[in-house]
file model35.cif (mmCIF, C-alpha atoms and all ligand atoms)
data_work
loop_
_atom_site.label_atom_id
_atom_site.label_comp_id
_atom_site.auth_asym_id
_atom_site.auth_seq_id
_atom_site.Cartn_x
_atom_site.Cartn_y
_atom_site.Cartn_z
CA MET Z 1282 12.76 10.90 -12.03
CA ASN Z 1283 15.12 10.26 -9.09
CA VAL Z 1284 13.72 7.69 -6.70
CA LEU Z 1285 14.56 6.70 -3.15
CA ILE Z 1286 13.40 3.33 -1.81
CA ILE Z 1287 13.26 2.84 1.96
CA GLY Z 1288 14.06 -0.67 3.19
CA SER Z 1289 16.59 -3.44 2.79
CA GLY Z 1290 14.84 -6.79 2.23
CA GLY Z 1291 13.75 -9.03 -0.61
CA ARG Z 1292 10.71 -6.85 -1.25
CA GLU Z 1293 12.88 -3.76 -1.68
CA HIS Z 1294 15.32 -5.66 -3.90
CA ALA Z 1295 12.35 -6.59 -6.11
CA LEU Z 1296 11.10 -2.99 -6.14
CA ALA Z 1297 14.57 -1.75 -7.10
CA TRP Z 1298 14.77 -4.41 -9.86
CA LYS Z 1299 11.39 -3.35 -11.27
CA LEU Z 1300 11.96 0.42 -11.05
CA LYS Z 1301 15.41 0.03 -12.57
CA GLN Z 1302 13.70 -1.12 -15.78
CA SER Z 1303 11.82 2.16 -16.12
CA PRO Z 1304 12.91 4.50 -18.92
CA LEU Z 1305 11.69 7.36 -16.71
CA LEU Z 1306 14.15 6.56 -13.94
CA GLY Z 1307 17.00 8.99 -13.31
CA LYS Z 1308 19.05 7.87 -10.34
CA LEU Z 1309 17.91 5.16 -7.95
CA HIS Z 1310 18.74 5.35 -4.23
CA CYS Z 1311 17.95 3.04 -1.33
CA ILE Z 1312 18.14 3.61 2.44
CA PRO Z 1313 19.55 1.55 4.05
CA GLY Z 1314 19.62 -0.92 1.14
CA SER Z 1315 21.77 -4.04 1.08
CA ALA Z 1316 24.77 -5.39 -0.78
CA ALA Z 1317 22.46 -6.80 -3.46
CA ILE Z 1318 20.44 -3.58 -3.76
CA ALA Z 1319 23.73 -1.66 -4.02
CA GLU Z 1320 24.20 -3.30 -7.43
CA LEU Z 1321 21.11 -1.36 -8.59
CA ALA Z 1322 21.00 1.73 -6.38
CA ALA Z 1323 23.13 4.11 -4.36
CA CYS Z 1324 22.89 3.07 -0.70
CA PRO Z 1325 24.09 5.93 1.52
CA PRO Z 1326 24.91 5.44 5.20
CA VAL Z 1327 21.66 6.99 6.47
CA ARG Z 1328 19.33 5.21 8.90
CA GLN Z 1329 15.74 4.70 7.78
CA ASP Z 1330 14.44 5.91 11.15
CA ASP Z 1331 16.46 9.13 10.92
CA GLN Z 1332 13.74 11.28 9.34
CA ASP Z 1333 15.90 14.42 9.18
CA GLY Z 1334 18.73 12.40 7.67
CA VAL Z 1335 16.44 10.90 5.04
CA TYR Z 1336 15.05 14.33 4.16
CA GLY Z 1337 18.52 15.88 4.00
CA TYR Z 1338 19.65 13.15 1.62
CA CYS Z 1339 16.58 13.64 -0.60
CA ALA Z 1340 17.14 17.39 -0.76
CA ALA Z 1341 20.83 16.99 -1.57
CA GLN Z 1342 20.23 14.35 -4.25
CA GLY Z 1343 17.15 15.88 -5.86
CA VAL Z 1344 14.94 12.89 -5.08
CA ASP Z 1345 11.53 13.23 -6.75
CA LEU Z 1346 9.76 10.23 -5.27
CA VAL Z 1347 10.20 8.22 -2.07
CA VAL Z 1348 8.83 4.66 -2.04
CA VAL Z 1349 8.56 3.23 1.46
CA GLY Z 1350 8.89 -0.56 1.76
CA PRO Z 1351 8.41 -1.55 5.43
CA GLU Z 1352 5.62 -0.63 7.86
CA ALA Z 1353 7.75 0.57 10.79
CA PRO Z 1354 8.87 3.91 9.28
CA LEU Z 1355 5.29 4.55 8.07
CA ALA Z 1356 3.93 3.90 11.57
CA LYS Z 1357 6.49 6.44 12.84
CA GLY Z 1358 5.20 9.09 10.43
CA LEU Z 1359 7.95 9.16 7.79
CA SER Z 1360 5.44 9.80 5.03
CA ASP Z 1361 3.81 12.75 6.85
CA PHE Z 1362 7.23 14.20 7.67
CA LEU Z 1363 8.56 14.04 4.10
CA THR Z 1364 5.25 15.15 2.56
CA ALA Z 1365 5.21 18.21 4.83
CA LYS Z 1366 8.66 19.06 3.45
CA GLY Z 1367 7.27 18.98 -0.08
CA LEU Z 1368 8.40 15.54 -1.21
CA LYS Z 1369 6.26 13.03 -3.08
CA VAL Z 1370 5.87 9.86 -1.06
CA PHE Z 1371 4.46 6.46 -1.95
CA GLY Z 1372 3.45 5.23 1.50
CA PRO Z 1373 0.52 6.19 3.73
CA SER Z 1374 0.29 8.71 6.55
CA ARG Z 1375 0.84 7.68 10.15
CA ARG Z 1376 -2.92 7.37 10.66
CA GLY Z 1377 -3.23 5.23 7.56
CA ALA Z 1378 -0.41 3.05 8.84
CA MET Z 1379 -2.44 2.39 11.99
CA LEU Z 1380 -4.50 -0.01 9.88
CA GLU Z 1381 -1.47 -2.29 10.24
CA ALA Z 1382 0.06 -0.98 13.46
CA SER Z 1383 -3.11 -1.46 15.53
CA LYS Z 1384 -5.34 -4.50 15.11
CA GLN Z 1385 -7.98 -2.73 17.18
CA PHE Z 1386 -7.95 0.31 14.88
CA ALA Z 1387 -8.14 -1.98 11.84
CA LYS Z 1388 -11.01 -4.06 13.21
CA GLU Z 1389 -12.99 -0.99 14.28
CA PHE Z 1390 -12.34 0.66 10.90
CA MET Z 1391 -13.68 -2.46 9.16
CA ASP Z 1392 -16.66 -2.53 11.50
CA ARG Z 1393 -17.53 1.14 10.90
CA ASN Z 1394 -17.14 0.76 7.16
CA GLU Z 1395 -18.88 -2.62 6.82
CA ILE Z 1396 -15.86 -4.42 5.44
CA PRO Z 1397 -16.39 -8.17 5.92
CA THR Z 1398 -14.16 -9.51 8.71
CA ALA Z 1399 -14.24 -11.96 11.63
CA GLU Z 1400 -16.37 -11.12 14.72
CA PHE Z 1401 -14.13 -9.68 17.42
CA THR Z 1402 -13.80 -8.30 20.96
CA VAL Z 1403 -11.08 -5.94 22.22
CA PHE Z 1404 -9.54 -6.57 25.65
CA TYR Z 1405 -8.02 -3.67 27.55
CA SER Z 1406 -7.08 -5.71 30.62
CA ALA Z 1407 -6.01 -9.27 31.36
CA ALA Z 1408 -8.78 -9.62 33.96
CA PHE Z 1409 -11.46 -8.72 31.40
CA ALA Z 1410 -9.82 -11.04 28.85
CA ARG Z 1411 -9.97 -13.97 31.31
CA GLU Z 1412 -13.63 -13.27 32.02
CA LYS Z 1413 -14.47 -13.28 28.30
CA ILE Z 1414 -12.39 -16.38 27.63
CA ALA Z 1415 -14.13 -18.24 30.49
CA ALA Z 1416 -17.45 -17.44 28.82
CA ASN Z 1417 -16.28 -18.39 25.32
CA ARG Z 1418 -17.69 -21.68 24.03
CA LYS Z 1419 -16.31 -21.78 20.51
CA TYR Z 1420 -12.81 -23.07 19.70
CA PRO Z 1421 -10.45 -22.55 18.02
CA VAL Z 1422 -10.37 -18.84 18.73
CA VAL Z 1423 -7.78 -16.33 17.49
CA ILE Z 1424 -5.91 -14.04 19.90
CA LYS Z 1425 -3.90 -11.12 18.49
CA ALA Z 1426 -1.60 -8.61 20.12
CA ASP Z 1427 -2.84 -5.15 19.10
CA GLY Z 1428 0.47 -3.69 17.95
CA LEU Z 1429 3.27 -4.59 15.56
CA ALA Z 1430 4.94 -7.90 16.44
CA ALA Z 1431 6.92 -8.79 13.30
CA GLY Z 1432 4.16 -11.16 12.17
CA LYS Z 1433 4.31 -13.18 15.41
CA GLY Z 1434 1.49 -11.59 17.39
CA VAL Z 1435 -1.26 -13.97 16.25
CA ARG Z 1436 -2.15 -17.23 18.02
CA ILE Z 1437 -4.73 -19.74 16.90
CA CYS Z 1438 -5.86 -21.18 20.25
CA ARG Z 1439 -7.42 -24.65 20.26
CA ASP Z 1440 -8.76 -24.48 23.82
CA GLU Z 1441 -9.20 -22.28 26.86
CA ALA Z 1442 -5.72 -23.06 28.23
CA GLU Z 1443 -4.05 -21.85 25.01
CA ALA Z 1444 -6.21 -18.71 24.95
CA LEU Z 1445 -5.30 -17.92 28.57
CA ALA Z 1446 -1.61 -18.54 27.81
CA ALA Z 1447 -1.77 -16.10 24.87
CA VAL Z 1448 -3.32 -13.41 27.08
CA GLU Z 1449 -0.67 -14.01 29.75
CA ASP Z 1450 2.18 -13.83 27.20
CA PHE Z 1451 0.87 -10.74 25.40
CA MET Z 1452 -0.66 -8.71 28.26
CA GLU Z 1453 1.31 -9.73 31.34
CA LYS Z 1454 4.68 -11.08 30.23
CA ARG Z 1455 4.61 -8.47 27.45
CA VAL Z 1456 6.56 -10.69 25.05
CA PHE Z 1457 5.91 -8.04 22.37
CA GLY Z 1458 6.28 -5.11 24.76
CA PHE Z 1459 3.72 -2.34 24.43
CA SER Z 1460 2.17 -4.12 21.41
CA GLY Z 1461 0.43 -6.44 23.90
CA SER Z 1462 -1.14 -3.71 26.01
CA LYS Z 1463 -4.39 -4.41 24.18
CA VAL Z 1464 -5.50 -7.70 22.67
CA VAL Z 1465 -8.11 -8.63 20.08
CA MET Z 1466 -9.95 -11.94 20.33
CA GLU Z 1467 -11.67 -13.03 17.14
CA GLU Z 1468 -13.64 -15.76 15.52
CA PHE Z 1469 -11.57 -18.40 13.72
CA LEU Z 1470 -12.19 -18.40 9.97
CA ALA Z 1471 -11.59 -21.47 7.84
CA GLY Z 1472 -10.68 -21.40 4.18
CA LYS Z 1473 -7.91 -20.62 1.75
CA GLU Z 1474 -6.00 -17.37 2.07
CA ALA Z 1475 -5.20 -14.82 -0.60
CA SER Z 1476 -3.11 -11.66 -0.60
CA VAL Z 1477 -4.98 -8.80 -2.23
CA MET Z 1478 -2.92 -5.69 -2.91
CA ALA Z 1479 -4.15 -2.46 -4.45
CA LEU Z 1480 -2.24 0.68 -5.33
CA THR Z 1481 -4.12 3.77 -4.23
CA ASP Z 1482 -3.94 7.55 -4.07
CA GLY Z 1483 -6.63 7.52 -1.40
CA GLU Z 1484 -9.43 8.17 -3.91
CA SER Z 1485 -9.15 5.46 -6.51
CA ALA Z 1486 -7.46 2.09 -6.42
CA LEU Z 1487 -5.78 -0.20 -8.89
CA LEU Z 1488 -5.87 -3.88 -7.96
CA LEU Z 1489 -2.67 -5.83 -8.44
CA PRO Z 1490 -3.00 -9.45 -9.48
CA VAL Z 1491 -3.96 -11.57 -6.48
CA SER Z 1492 -1.17 -13.67 -4.98
CA ARG Z 1493 -0.74 -16.30 -2.29
CA ASP Z 1494 1.92 -16.56 0.38
CA HIS Z 1495 2.99 -19.87 1.95
CA LYS Z 1496 3.50 -19.00 5.59
CA ARG Z 1497 4.41 -22.32 7.20
CA LEU Z 1498 7.98 -23.60 7.17
CA LEU Z 1499 7.30 -27.08 5.79
CA ASP Z 1500 5.59 -28.66 2.79
CA GLY Z 1501 1.84 -29.10 2.98
CA GLY Z 1502 1.46 -26.16 5.38
CA GLU Z 1503 3.13 -27.97 8.30
CA GLY Z 1504 5.60 -26.64 10.84
CA PRO Z 1505 5.91 -23.22 12.46
CA ASN Z 1506 4.74 -19.92 10.99
CA THR Z 1507 7.36 -17.88 9.17
CA GLY Z 1508 7.57 -14.54 7.44
CA GLY Z 1509 6.65 -16.42 4.24
CA MET Z 1510 8.40 -19.31 2.45
CA GLY Z 1511 7.28 -18.48 -1.05
CA ALA Z 1512 4.51 -17.00 -3.15
CA VAL Z 1513 2.64 -17.47 -6.39
CA CYS Z 1514 0.95 -14.91 -8.61
CA PRO Z 1515 -1.65 -14.71 -10.04
CA VAL Z 1516 -4.07 -16.99 -8.22
CA ASP Z 1517 -7.46 -17.25 -9.86
CA LEU Z 1518 -10.33 -16.48 -7.53
CA ALA Z 1519 -13.98 -17.11 -8.30
CA GLU Z 1520 -15.59 -14.11 -10.02
CA GLU Z 1521 -18.10 -13.71 -7.16
CA ASP Z 1522 -15.22 -13.54 -4.66
CA MET Z 1523 -13.45 -10.92 -6.80
CA ALA Z 1524 -16.68 -8.91 -6.92
CA VAL Z 1525 -16.88 -8.90 -3.11
CA ILE Z 1526 -13.21 -7.91 -2.89
CA ARG Z 1527 -13.74 -5.02 -5.29
CA THR Z 1528 -16.98 -3.68 -3.87
CA GLN Z 1529 -17.00 -4.63 -0.18
CA VAL Z 1530 -13.28 -4.53 0.58
CA ILE Z 1531 -11.53 -2.03 -1.72
CA GLN Z 1532 -14.45 0.36 -2.39
CA ARG Z 1533 -15.48 0.44 1.27
CA PHE Z 1534 -11.84 0.91 2.28
CA LEU Z 1535 -11.68 3.97 0.00
CA SER Z 1536 -14.94 5.42 1.28
CA GLY Z 1537 -13.72 4.79 4.84
CA LEU Z 1538 -10.56 6.78 4.10
CA ALA Z 1539 -12.62 9.67 2.75
CA LYS Z 1540 -15.13 9.66 5.62
CA GLU Z 1541 -12.43 9.46 8.24
CA ARG Z 1542 -10.03 11.81 6.44
CA ILE Z 1543 -7.18 9.35 6.43
CA GLY Z 1544 -4.35 10.17 4.03
CA PHE Z 1545 -3.38 7.07 2.11
CA ARG Z 1546 -1.12 7.18 -0.95
CA GLY Z 1547 0.58 3.84 -1.32
CA VAL Z 1548 -0.45 0.22 -1.30
CA ILE Z 1549 -3.13 -1.41 0.78
CA TYR Z 1550 -2.70 -5.14 1.29
CA ALA Z 1551 -5.68 -7.08 2.55
CA GLY Z 1552 -4.97 -10.57 3.84
CA VAL Z 1553 -8.20 -12.28 2.87
CA MET Z 1554 -9.72 -15.59 3.99
CA LEU Z 1555 -11.94 -17.14 1.33
CA THR Z 1556 -14.58 -18.57 3.66
CA ALA Z 1557 -17.77 -20.47 2.81
CA ASP Z 1558 -19.57 -17.13 3.44
CA GLY Z 1559 -17.33 -15.27 1.01
CA PRO Z 1560 -14.07 -13.35 1.40
CA LYS Z 1561 -13.33 -11.82 4.81
CA VAL Z 1562 -10.39 -9.58 5.70
CA LEU Z 1563 -8.00 -11.11 8.26
CA GLU Z 1564 -5.73 -8.10 8.42
CA PHE Z 1565 -4.63 -5.00 6.61
CA ASN Z 1566 -1.02 -4.21 5.83
CA VAL Z 1567 -0.07 -0.78 4.56
CA ARG Z 1568 2.85 -1.86 2.37
CA PHE Z 1569 3.76 -4.44 -0.24
CA GLY Z 1570 3.78 -8.07 0.98
CA ASP Z 1571 7.03 -9.93 1.41
CA PRO Z 1572 7.50 -12.39 -0.35
CA GLU Z 1573 4.36 -11.62 -2.44
CA THR Z 1574 6.09 -8.67 -4.13
CA GLN Z 1575 8.80 -11.01 -5.44
CA ALA Z 1576 6.02 -12.96 -7.25
CA VAL Z 1577 3.75 -10.06 -8.22
CA LEU Z 1578 6.23 -7.62 -9.80
CA PRO Z 1579 7.61 -10.14 -12.34
CA VAL Z 1580 4.12 -10.57 -13.87
CA ILE Z 1581 3.59 -6.82 -14.30
CA LYS Z 1582 4.54 -5.84 -17.82
CA SER Z 1583 3.89 -2.09 -17.50
CA ASP Z 1584 6.36 0.42 -16.19
CA LEU Z 1585 5.57 0.65 -12.47
CA LEU Z 1586 7.32 3.96 -11.83
CA PRO Z 1587 4.70 6.33 -13.35
CA VAL Z 1588 1.96 4.43 -11.52
CA LEU Z 1589 3.67 4.72 -8.12
CA ALA Z 1590 4.33 8.40 -8.86
CA ALA Z 1591 0.65 8.87 -9.79
CA CYS Z 1592 -0.36 7.40 -6.41
CA ALA Z 1593 1.99 9.78 -4.62
CA ASP Z 1594 0.61 12.67 -6.71
CA GLY Z 1595 -3.05 11.90 -6.06
CA LYS Z 1596 -3.59 11.23 -9.78
CA LEU Z 1597 -4.08 7.49 -10.02
CA SER Z 1598 -7.54 7.60 -11.60
CA GLY Z 1599 -7.59 6.12 -15.11
CA ARG Z 1600 -4.24 4.34 -14.79
CA GLU Z 1601 -4.02 0.70 -15.73
CA LEU Z 1602 -1.40 -2.02 -15.57
CA GLU Z 1603 -0.63 -4.47 -18.31
CA LEU Z 1604 0.19 -7.97 -17.09
CA LEU Z 1605 2.26 -10.76 -18.58
CA ASP Z 1606 0.30 -13.75 -19.70
CA GLY Z 1607 2.00 -16.11 -17.27
CA VAL Z 1608 2.49 -17.18 -13.68
CA CYS Z 1609 5.32 -16.36 -11.29
CA VAL Z 1610 6.44 -18.74 -8.56
CA SER Z 1611 8.86 -17.39 -5.98
CA VAL Z 1612 10.60 -19.87 -3.69
CA VAL Z 1613 12.31 -18.63 -0.53
CA ALA Z 1614 15.57 -20.24 0.60
CA ALA Z 1615 15.96 -19.85 4.35
CA ALA Z 1616 18.90 -20.42 6.67
CA ALA Z 1617 19.33 -23.43 8.96
CA GLY Z 1618 17.56 -22.77 12.25
CA TYR Z 1619 14.98 -20.41 10.68
CA PRO Z 1620 12.56 -19.15 12.02
CA GLU Z 1621 13.78 -19.55 15.65
CA ALA Z 1622 17.53 -19.01 15.46
CA PRO Z 1623 18.84 -18.67 11.90
CA GLU Z 1624 22.52 -19.39 11.35
CA LYS Z 1625 24.39 -16.61 9.60
CA GLY Z 1626 27.67 -16.18 7.80
CA ARG Z 1627 27.51 -19.26 5.54
CA PRO Z 1628 29.03 -18.88 2.07
CA ILE Z 1629 26.52 -18.93 -0.81
CA THR Z 1630 27.53 -20.32 -4.19
CA GLY Z 1631 25.86 -20.49 -7.57
CA LEU Z 1632 24.31 -17.03 -7.45
CA TYR Z 1633 25.54 -16.01 -10.86
CA GLU Z 1634 23.95 -18.84 -12.87
CA ARG Z 1635 21.29 -17.14 -14.94
CA THR Z 1636 18.24 -18.56 -16.68
CA PRO Z 1637 15.90 -16.35 -18.72
CA GLY Z 1638 12.73 -15.53 -16.80
CA VAL Z 1639 14.41 -16.31 -13.47
CA THR Z 1640 15.45 -13.63 -10.97
CA VAL Z 1641 17.10 -14.04 -7.58
CA PHE Z 1642 15.99 -11.51 -4.98
CA HIS Z 1643 18.20 -11.17 -1.92
CA ALA Z 1644 16.65 -10.79 1.52
CA GLY Z 1645 19.36 -11.68 4.03
CA THR Z 1646 22.75 -11.75 2.31
CA GLU Z 1647 25.98 -9.82 2.55
CA LYS Z 1648 29.00 -9.50 0.33
CA LYS Z 1649 32.61 -9.67 1.48
CA GLU Z 1650 35.12 -8.96 -1.23
CA ASP Z 1651 33.51 -10.83 -4.11
CA ALA Z 1652 31.81 -13.60 -2.15
CA TRP Z 1653 28.24 -13.77 -0.88
CA PHE Z 1654 27.27 -14.93 2.64
CA THR Z 1655 24.00 -15.58 4.44
CA ALA Z 1656 23.03 -12.77 6.81
CA GLY Z 1657 19.42 -13.40 7.80
CA GLY Z 1658 16.62 -15.93 8.28
CA ARG Z 1659 15.10 -15.67 4.85
CA VAL Z 1660 18.19 -15.51 2.67
CA LEU Z 1661 16.86 -15.12 -0.86
CA ALA Z 1662 13.94 -15.87 -3.16
CA VAL Z 1663 14.14 -17.38 -6.62
CA SER Z 1664 11.32 -16.03 -8.80
CA ALA Z 1665 10.51 -17.69 -12.11
CA VAL Z 1666 7.90 -16.82 -14.69
CA GLY Z 1667 6.35 -19.59 -16.78
CA MET Z 1668 3.37 -20.05 -19.05
CA ASP Z 1669 1.57 -21.73 -16.15
CA ALA Z 1670 2.29 -22.59 -12.52
CA ASP Z 1671 3.84 -25.95 -13.41
CA GLU Z 1672 6.34 -24.41 -15.80
CA ALA Z 1673 7.13 -21.57 -13.37
CA ARG Z 1674 7.67 -24.05 -10.56
CA GLU Z 1675 9.93 -26.22 -12.69
CA LYS Z 1676 12.05 -23.21 -13.65
CA ALA Z 1677 12.25 -21.86 -10.10
CA TYR Z 1678 13.33 -25.19 -8.63
CA ALA Z 1679 15.84 -25.82 -11.42
CA ALA Z 1680 17.42 -22.42 -10.76
CA LEU Z 1681 17.35 -22.97 -7.01
CA ALA Z 1682 19.19 -26.29 -7.42
CA ALA Z 1683 22.25 -24.34 -8.61
CA ILE Z 1684 22.33 -22.18 -5.47
CA LYS Z 1685 23.89 -23.68 -2.38
CA PHE Z 1686 24.62 -22.76 1.21
CA GLU Z 1687 25.00 -24.95 4.27
CA GLY Z 1688 21.70 -25.83 5.94
CA MET Z 1689 19.50 -24.25 3.23
CA GLN Z 1690 15.80 -24.94 3.82
CA TYR Z 1691 13.06 -24.45 1.28
CA ARG Z 1692 9.59 -25.78 0.54
CA LYS Z 1693 9.13 -28.09 -2.43
CA ASP Z 1694 5.44 -27.24 -2.97
CA ILE Z 1695 5.29 -23.50 -3.63
CA GLY Z 1696 2.48 -22.70 -6.04
CA GLN Z 1697 0.93 -26.16 -5.89
P1 LIG O 1701 -2.53 -11.63 10.66
O1 LIG O 1701 -1.17 -11.13 11.09
O2 LIG O 1701 -3.68 -10.99 11.37
O3 LIG O 1701 -2.71 -11.75 9.20
O4 LIG O 1701 -2.51 -13.17 11.02
C1 LIG O 1701 -1.49 -14.01 10.56
C2 LIG O 1701 -2.08 -15.30 10.10
O5 LIG O 1701 -2.89 -15.86 11.14
C3 LIG O 1701 -3.02 -15.17 8.91
O6 LIG O 1701 -2.34 -15.14 7.70
C4 LIG O 1701 -3.87 -16.40 9.09
O7 LIG O 1701 -3.20 -17.53 8.59
C5 LIG O 1701 -4.00 -16.52 10.58
N1 LIG O 1701 -5.23 -15.87 11.05
C6 LIG O 1701 -5.37 -14.59 11.46
N2 LIG O 1701 -6.65 -14.33 11.82
C7 LIG O 1701 -7.33 -15.47 11.63
C8 LIG O 1701 -8.70 -15.85 11.81
N3 LIG O 1701 -9.61 -14.99 12.29
N4 LIG O 1701 -9.05 -17.11 11.50
C9 LIG O 1701 -8.13 -17.98 11.04
N5 LIG O 1701 -6.85 -17.70 10.86
C10 LIG O 1701 -6.43 -16.45 11.14
N1 LIG O 1702 3.63 -12.09 3.39
C1 LIG O 1702 3.02 -11.53 4.53
C2 LIG O 1702 3.34 -10.13 4.76
O1 LIG O 1702 4.02 -9.47 4.00
O2 LIG O 1702 2.88 -9.62 5.77
#
call {"tool": "encode", "arguments": {"input": "model35.cif", "output": "structure tokens"}}
result
Amino acid sequence: MNVLIIGSGGREHALAWKLKQSPLLGKLHCIPGSAAIAELAACPPVRQDDQDGVYGYCAAQGVDLVVVGPEAPLAKGLSDFLTAKGLKVFGPSRRGAMLEASKQFAKEFMDRNEIPTAEFTVFYSAAFAREKIAANRKYPVVIKADGLAAGKGVRICRDEAEALAAVEDFMEKRVFGFSGSKVVMEEFLAGKEASVMALTDGESALLLPVSRDHKRLLDGGEGPNTGGMGAVCPVDLAEEDMAVIRTQVIQRFLSGLAKERIGFRGVIYAGVMLTADGPKVLEFNVRFGDPETQAVLPVIKSDLLPVLAACADGKLSGRELELLDGVCVSVVAAAAGYPEAPEKGRPITGLYERTPGVTVFHAGTEKKEDAWFTAGGRVLAVSAVGMDADEAREKAYAALAAIKFEGMQYRKDIGQ
């Protein structure tokens, strides 16, 4: 089977690494890919938002399956476009992608389908938002820009002034452009978070082991929000929480798709808050989590390729995944200045030290001649598998100690 991955980050590097192990794989391709992915896959000079270009490449190369990494091409309808041309695509339709691309759509979908989530109100105008905020008595409150905002469109507001500032930034200053034309205000939920991902062909679903992302920059959950500073997989949830996730989140998601005729062959990722009243969905993403994928894939023992192909084929039912009996800890190394203004172009050394059970996934690196340089905020992730979280952590940090670049920042408490 010839496979094309769309994307260029750490998540796609991990997908390429996992698919490359499949005995069923013919040739692996990645658009646009990266220098690190180019060691595993052909990376042609085609843009991921050039749908005709992507299709032309698939036709010329005899690609059998397209696996879409990021949300943006899905929200622009890449899956519908390629599917209409007869290709098999792992990645939902444009309407399915609205579960991530519009918070309003996601919240109303959850409401209609009785998926547990925070109470919410949608604001269509700043004037109406101010009226509702003036009447709100409960803080903190959460204000979210409706559209895609690269993970930055959510504010936890401690008082009325912060809520009003969020509305002004999103709806009037339009700091996220059109994404702020509508805003969702919702109840603040307290608890621990978990990332629940399930592969699906739209009719049945296969849960991946639950993972946890560490979103804040600094140890102990301090500092600014980031794209994710590390992840651990699996995390053990209480059996009653898992039961709610299976029946009230995943099952109701599937029946919602059927009722509303939403095409969804790919992965659904529910960001879940484990509240005192049980699990509640904070958000849906329509793609693999980053950096969760870098911690989840190393604990999957089975060949992933036939399972992704079965999703794209509408034949997932009855498939299972065998897991390793262990834990993976993935620690992100970020550039100086991340997340505000990451410094780029710093030489990276120590990348070729290898320990068994440890893999380095590149997110923001580039290669010039034979040397590696930083090229993004999150530079790389070191993923280590151990018998338990302590062993995995020890291995990940030992491997990370060999890798150096100027100003490297990483958390010391991933998986704790
Ligand atoms: P989202 O992009 O909707 O997942 O939000 C990003 C992050 O904001 C989540 O991972 C949570 O840490 C936090 N968050 C979002 N919604 C809520 C909520 N209703 N209550 C508490 N925290 C939230
Ligand atoms: N790790 C959070 C995300 O992928 O959205």
call {"tool": "closest_atom_pairs", "arguments": {"input": "model35.cif", "of": "chain Z", "to": "ligand LIG 1702 (chain O)", "cutoff": "8 Å", "atoms": "all atoms listed in the file", "output": "CSV"}}
result
residue,atom,partner,partner_atom,distance
Z:Gly1432,CA,O:LIG1702,O2,6.7
Z:Ser1476,CA,O:LIG1702,N1,7.8
Z:Asp1494,CA,O:LIG1702,N1,5.7
Z:His1495,CA,O:LIG1702,N1,7.9
Z:Lys1496,CA,O:LIG1702,N1,7.3
Z:Gly1508,CA,O:LIG1702,N1,6.2
Z:Gly1509,CA,O:LIG1702,N1,5.3
Z:Asn1566,CA,O:LIG1702,O2,6.7
Z:Arg1568,CA,O:LIG1702,O1,7.9
Z:Phe1569,CA,O:LIG1702,O1,6.6
Z:Gly1570,CA,O:LIG1702,O1,3.3
Z:Asp1571,CA,O:LIG1702,O1,4.0
Z:Pro1572,CA,O:LIG1702,N1,5.4
Z:Glu1573,CA,O:LIG1702,N1,5.9
call {"tool": "atom_distance", "arguments": {"input": "model35.cif", "atom1": "atom C1 of ligand LIG 1701 (chain O)", "atom2": "atom CA of Phe1401 of chain Z"}}
result
15.0 Å
call {"tool": "residues_near_ligand", "arguments": {"input": "model35.cif", "ligand": "ligand LIG 1701 (chain O)", "cutoff": "8 Å", "atoms": "all atoms listed in the file", "output": "list in words"}}
result
Lys1384, Thr1398, Ala1399, Val1422, Val1423, Lys1425, Gly1432, Lys1433, Gly1434, Val1435, Arg1436, Ile1437, Glu1467, Glu1468, Phe1469, Leu1470, Ala1471, Glu1474, Lys1496, Gly1552, Met1554, Leu1563, Glu1564 and Phe1565 of chain Z
call {"tool": "residues_near_point", "arguments": {"input": "model35.cif", "point": "(-18.3, -3.7, 0.4)", "cutoff": "12 Å", "atoms": "only C-alpha atoms", "output": "list of chain:residue names"}}
result
Z:Met1391, Z:Asp1392, Z:Arg1393, Z:Asn1394, Z:Glu1395, Z:Ile1396, Z:Pro1397, Z:Thr1398, Z:Asp1522, Z:Met1523, Z:Ala1524, Z:Val1525, Z:Ile1526, Z:Arg1527, Z:Thr1528, Z:Gln1529, Z:Val1530, Z:Ile1531, Z:Gln1532, Z:Arg1533, Z:Phe1534, Z:Leu1535, Z:Ser1536, Z:Gly1537, Z:Gly1559, Z:Pro1560, Z:Lys1561, Z:Val1562
call {"tool": "closest_atom_pairs", "arguments": {"input": "model35.cif", "of": "segment 1543-1618 of chain Z", "to": "segment 1630-1651 of chain Z", "cutoff": "12 Å", "atoms": "all atoms listed in the file", "output": "tab-separated table"}}
result
residue	atom	partner	partner_atom	distance
Z:Asp1571	CA	Z:Ala1644	CA	9.7
Z:Pro1572	CA	Z:Ala1644	CA	9.5
Z:Glu1573	CA	Z:Phe1642	CA	11.9
Z:Thr1574	CA	Z:Phe1642	CA	10.3
Z:Gln1575	CA	Z:Phe1642	CA	7.2
Z:Ala1576	CA	Z:Thr1640	CA	10.2
Z:Leu1578	CA	Z:Thr1640	CA	11.1
Z:Pro1579	CA	Z:Gly1638	CA	8.7
Z:Val1580	CA	Z:Gly1638	CA	10.4
Z:Leu1605	CA	Z:Gly1638	CA	11.6
Z:Gly1607	CA	Z:Gly1638	CA	10.8
Z:Val1608	CA	Z:Gly1638	CA	10.8
Z:Cys1609	CA	Z:Gly1638	CA	9.3
Z:Val1610	CA	Z:Val1639	CA	9.7
Z:Ser1611	CA	Z:Val1641	CA	9.0
Z:Val1612	CA	Z:Val1641	CA	9.6
Z:Val1613	CA	Z:Phe1642	CA	9.2
Z:Ala1614	CA	Z:Ala1644	CA	9.6
Z:Ala1615	CA	Z:Gly1645	CA	8.9
Z:Ala1616	CA	Z:Gly1645	CA	9.1
